[in-house]
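Undergrad: Input: one structure, supplied below.
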Amino acid sequence: MGILQKVIGEGAVQKELNLLLIIGGLYSLSIALSNTFVNIYLWKQSGDFLDIGIYNLIVVIVQPLIFILAGRMAKKVDRIIVLRLGVIFLALFYLTVLLVGGNATNFLWLLGALLGMGYGFYWLAFNVLTFEITEPETRDFFNGFMGVLNSSAGMIGPISAGFIISRLNQFSGYTFVFGLSLLLFAVAVLLSFFLKRRPAHGKYCFVRVLQERKNDRNWSLITWANFCQGLREGTFMFVISIFVFIQTGSELALGSYGLLHSAVAFVAYYFASRLIKSDMRNKAILLGGVLLYAAVIFIAVDVTYARLLIYAAMIAVGYPLLLVPYVSLTYDVIGRAWHAAEMRIEYIVVRELFIHLGRIVSILGFLFAVYYFDPKQSLPIFLLIAGLGHTVIYFFVRQIKLT
């Protein structure tokens, strides 16, 4: 806290910023510790791709629905209450995992719903509070420090969890790690009570902003790009960790995979954020999309642990190349859209809706592939199809004209 005060000074606003950073850091560490290993926990109980797909499908169906509700609450009730609800539901998720233990696969719908609710409430509130609590002179520091926290958690969390789980017998390691995540979220809930209440006002115009796609070509193009982004993310956000575990049978190996990916991504994001200028955006998005698809081809033809590690390094470079200019372009489009200042919550909600629609379609395709066909034959083909999502983004963003 002392370091933060030296950088941004004293006062009520600085206290709020510090608290939001700490809450964000606790969230990042908790998710980094446990999120990947929940899928492995379920896999070890069932060994069925169908169960894993159903669980993740529930998460991505519930999350956008809650995002829409949370957007309304952020304008009608209080942003802090929305944030607190998100952290509470995430804590309830890990508490439920601990309570059901070895019967977790019998509660896939409940677990998926709790996680989706937690994500929806948390991220809507955190995005809005970031905009409101930070000021132009502190925003760069906040985003930069939050990036350091996320990257550090991404490097420390998976390898630490993998080490703990691999050293303890049976499922006791999972119990310890999930219990630690629950504790971190409990602390975050307590800290949220020190944030100043932020009563909201204004009309919630979600449907109007959704319809604005008919009037604003740039807004329509970027939402379709968001949909394509979701097409890849829906399946790849869980299937790769399953592949790593199938190949190695080791949670520690999965933690090592996460450490390698986060370490390379940390360096890649640093250089991408400093070297990619606005006139280079489309080229960087294309290059990033091509690299991400090349990584998919690399593992689709032959899945081994060594190839998966190379895949981790490739996407750790590809994602910053694509996401740094793509996210900036997305907010530039929103910033020039109809009533952007007072409707920023609605634009964020619609953006998330399209990303999650893409994720839903992706996981439905995954379920179709593993239910009707032999996964050994169908999954490589499906991954090659879904993996095109990020590459296709370029063909939408290249048509965007900002004046």
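By order in the structure tokens, chains are A, B, ...; within a chain, residues start at 1; ligands start at 1, following the order shown.
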Which polymer residues have any atom within 7 Å of an atom of region 343-352 of chain A, counting only C-alpha atoms, with same-chain residues fewer than 4 positions away left out, as a ChimeraX atom specification?
TA: /A:64,67-68,71,205-206,209-210,223,226,334,339,356
Undergrad: Would you mind exporting all heavy atoms of the selected residues as a JSON list (two decimals), in the first residue's frame?
TA:
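This is the output file out-v3.json:
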```
[["chain", "number", "residue", "atom", "x", "y", "z"],
["A", 64, "PRO", "N", -23.68, -14.00, -19.87],
["A", 64, "PRO", "CA", -24.24, -12.82, -20.56],
["A", 64, "PRO", "C", -25.61, -12.41, -20.05],
["A", 64, "PRO", "O", -25.95, -11.22, -20.05],
["A", 64, "PRO", "CB", -24.32, -13.28, -22.03],
["A", 64, "PRO", "CG", -24.34, -14.77, -21.98],
["A", 64, "PRO", "CD", -23.51, -15.13, -20.79],
["A", 67, "PHE", "N", -24.88, -10.47, -17.12],
["A", 67, "PHE", "CA", -24.27, -9.21, -17.56],
["A", 67, "PHE", "C", -25.35, -8.18, -17.90],
["A", 67, "PHE", "O", -25.24, -7.00, -17.56],
["A", 67, "PHE", "CB", -23.37, -9.47, -18.78],
["A", 67, "PHE", "CG", -22.03, -8.82, -18.68],
["A", 67, "PHE", "CD1", -20.99, -9.45, -18.02],
["A", 67, "PHE", "CD2", -21.80, -7.57, -19.25],
["A", 67, "PHE", "CE1", -19.74, -8.84, -17.94],
["A", 67, "PHE", "CE2", -20.56, -6.97, -19.16],
["A", 67, "PHE", "CZ", -19.53, -7.60, -18.50],
["A", 68, "ILE", "N", -26.40, -8.65, -18.59],
["A", 68, "ILE", "CA", -27.51, -7.75, -18.94],
["A", 68, "ILE", "C", -28.20, -7.26, -17.66],
["A", 68, "ILE", "O", -28.47, -6.06, -17.52],
["A", 68, "ILE", "CB", -28.51, -8.48, -19.85],
["A", 68, "ILE", "CG1", -27.85, -8.81, -21.20],
["A", 68, "ILE", "CG2", -29.75, -7.62, -20.07],
["A", 68, "ILE", "CD1", -28.69, -9.73, -22.08],
["A", 71, "GLY", "N", -25.92, -4.87, -15.75],
["A", 71, "GLY", "CA", -25.89, -3.55, -16.38],
["A", 71, "GLY", "C", -27.05, -2.69, -15.92],
["A", 71, "GLY", "O", -26.89, -1.50, -15.64],
["A", 205, "CYS", "N", -30.61, 1.56, -21.55],
["A", 205, "CYS", "CA", -31.04, 1.48, -22.96],
["A", 205, "CYS", "C", -30.34, 0.35, -23.70],
["A", 205, "CYS", "O", -29.82, 0.53, -24.80],
["A", 205, "CYS", "CB", -30.77, 2.81, -23.67],
["A", 205, "CYS", "SG", -31.62, 4.22, -22.94],
["A", 206, "PHE", "N", -30.35, -0.82, -23.09],
["A", 206, "PHE", "CA", -29.67, -1.98, -23.69],
["A", 206, "PHE", "C", -30.23, -2.30, -25.08],
["A", 206, "PHE", "O", -29.47, -2.47, -26.05],
["A", 206, "PHE", "CB", -29.81, -3.20, -22.77],
["A", 206, "PHE", "CG", -29.47, -4.50, -23.42],
["A", 206, "PHE", "CD1", -28.15, -4.85, -23.68],
["A", 206, "PHE", "CD2", -30.48, -5.39, -23.79],
["A", 206, "PHE", "CE1", -27.84, -6.05, -24.29],
["A", 206, "PHE", "CE2", -30.17, -6.60, -24.39],
["A", 206, "PHE", "CZ", -28.85, -6.93, -24.65],
["A", 209, "VAL", "N", -29.22, 0.30, -27.76],
["A", 209, "VAL", "CA", -27.82, 0.18, -28.18],
["A", 209, "VAL", "C", -27.63, -1.07, -29.05],
["A", 209, "VAL", "O", -26.85, -1.06, -30.00],
["A", 209, "VAL", "CB", -26.89, 0.14, -26.95],
["A", 209, "VAL", "CG1", -25.46, -0.24, -27.34],
["A", 209, "VAL", "CG2", -26.90, 1.50, -26.25],
["A", 210, "LEU", "N", -28.36, -2.14, -28.73],
["A", 210, "LEU", "CA", -28.31, -3.34, -29.58],
["A", 210, "LEU", "C", -28.84, -3.02, -30.98],
["A", 210, "LEU", "O", -28.25, -3.43, -31.98],
["A", 210, "LEU", "CB", -29.15, -4.44, -28.93],
["A", 210, "LEU", "CG", -29.17, -5.81, -29.64],
["A", 210, "LEU", "CD1", -27.78, -6.41, -29.69],
["A", 210, "LEU", "CD2", -30.13, -6.76, -28.93],
["A", 223, "THR", "N", -19.09, -5.81, -33.45],
["A", 223, "THR", "CA", -19.83, -6.84, -32.71],
["A", 223, "THR", "C", -19.71, -8.20, -33.40],
["A", 223, "THR", "O", -19.61, -9.23, -32.73],
["A", 223, "THR", "CB", -21.32, -6.47, -32.55],
["A", 223, "THR", "OG1", -21.88, -6.16, -33.83],
["A", 223, "THR", "CG2", -21.48, -5.29, -31.61],
["A", 226, "ASN", "N", -16.46, -9.49, -32.43],
["A", 226, "ASN", "CA", -16.56, -10.04, -31.07],
["A", 226, "ASN", "C", -17.13, -11.45, -31.09],
["A", 226, "ASN", "O", -16.69, -12.33, -30.33],
["A", 226, "ASN", "CB", -17.44, -9.14, -30.19],
["A", 226, "ASN", "CG", -16.85, -7.77, -29.92],
["A", 226, "ASN", "OD1", -17.56, -6.81, -29.70],
["A", 226, "ASN", "ND2", -15.52, -7.66, -29.97],
["A", 334, "ILE", "N", -16.62, 2.33, -29.94],
["A", 334, "ILE", "CA", -17.64, 2.67, -28.94],
["A", 334, "ILE", "C", -17.60, 4.16, -28.62],
["A", 334, "ILE", "O", -18.64, 4.81, -28.48],
["A", 334, "ILE", "CB", -17.43, 1.83, -27.66],
["A", 334, "ILE", "CG1", -17.75, 0.35, -27.94],
["A", 334, "ILE", "CG2", -18.30, 2.35, -26.52],
["A", 334, "ILE", "CD1", -17.45, -0.58, -26.78],
["A", 339, "HIS", "N", -24.36, 8.44, -28.40],
["A", 339, "HIS", "CA", -24.48, 8.68, -26.96],
["A", 339, "HIS", "C", -23.53, 7.79, -26.16],
["A", 339, "HIS", "O", -23.92, 7.21, -25.14],
["A", 339, "HIS", "CB", -25.92, 8.45, -26.49],
["A", 339, "HIS", "CG", -26.87, 9.52, -26.93],
["A", 339, "HIS", "ND1", -28.07, 9.76, -26.29],
["A", 339, "HIS", "CD2", -26.82, 10.41, -27.94],
["A", 339, "HIS", "CE1", -28.70, 10.76, -26.88],
["A", 339, "HIS", "NE2", -27.96, 11.16, -27.88],
["A", 356, "HIS", "N", -20.10, -13.81, -26.01],
["A", 356, "HIS", "CA", -20.63, -15.02, -25.40],
["A", 356, "HIS", "C", -21.54, -15.80, -26.35],
["A", 356, "HIS", "O", -21.63, -17.03, -26.25],
["A", 356, "HIS", "CB", -21.36, -14.68, -24.10],
["A", 356, "HIS", "CG", -20.42, -14.47, -22.95],
["A", 356, "HIS", "ND1", -19.78, -13.28, -22.74],
["A", 356, "HIS", "CD2", -19.98, -15.32, -21.99],
["A", 356, "HIS", "CE1", -18.99, -13.39, -21.69],
["A", 356, "HIS", "NE2", -19.09, -14.62, -21.21]]
```
Undergrad: Which parts of region 132-217 of chain A does DSSP call alpha helix (DSSP H) when run on the backbone here, written out as number ranges by chain?
TA: A: 132-133, 136-167, 172-192, 206-211, 217
Undergrad: Could you pull the residues within 10 Å of region 358-366 of chain A, counting only C-alpha atoms, minus those fewer than 2 positions along the same chain, as a PyMOL selection string?
TA: chain A and resi 49-50+52-54+56-61+224-237+239+352-356+368-371+375+378-379+382-383+385-387+389
Undergrad: Show me, as number ranges by chain, the residues that have an atom within 8 Å of region 287-296 of chain A when counting only C-alpha atoms, minus same-chain residues fewer than 2 positions from it.
TA: A: 283-285, 298-300, 311, 314-315, 317-322, 383-384, 387-388, 390-394
Undergrad: Tell me, as a PyMOL selection string, which residues lie within 12 Å of Arg274 (chain A), counting only C-alpha atoms; anything in the same chain fewer than 3 positions away does not count.
TA: chain A and resi 267-271+277-278+280+320-321+324-325
Undergrad: Can you tell me, as a list in words, what residues are no more than 12 Å from Gly47 (chain A) when counting only C-alpha atoms, ignoring any on the same chain fewer than 3 positions away?
TA: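 The filter keeps Asn39, Ile40, Tyr41, Leu42, Trp43, Lys44, Leu50, Asp51, Ile52, Gly53, Thr105, Ile242, Phe243, Phe245 and Ile246 of chain A.
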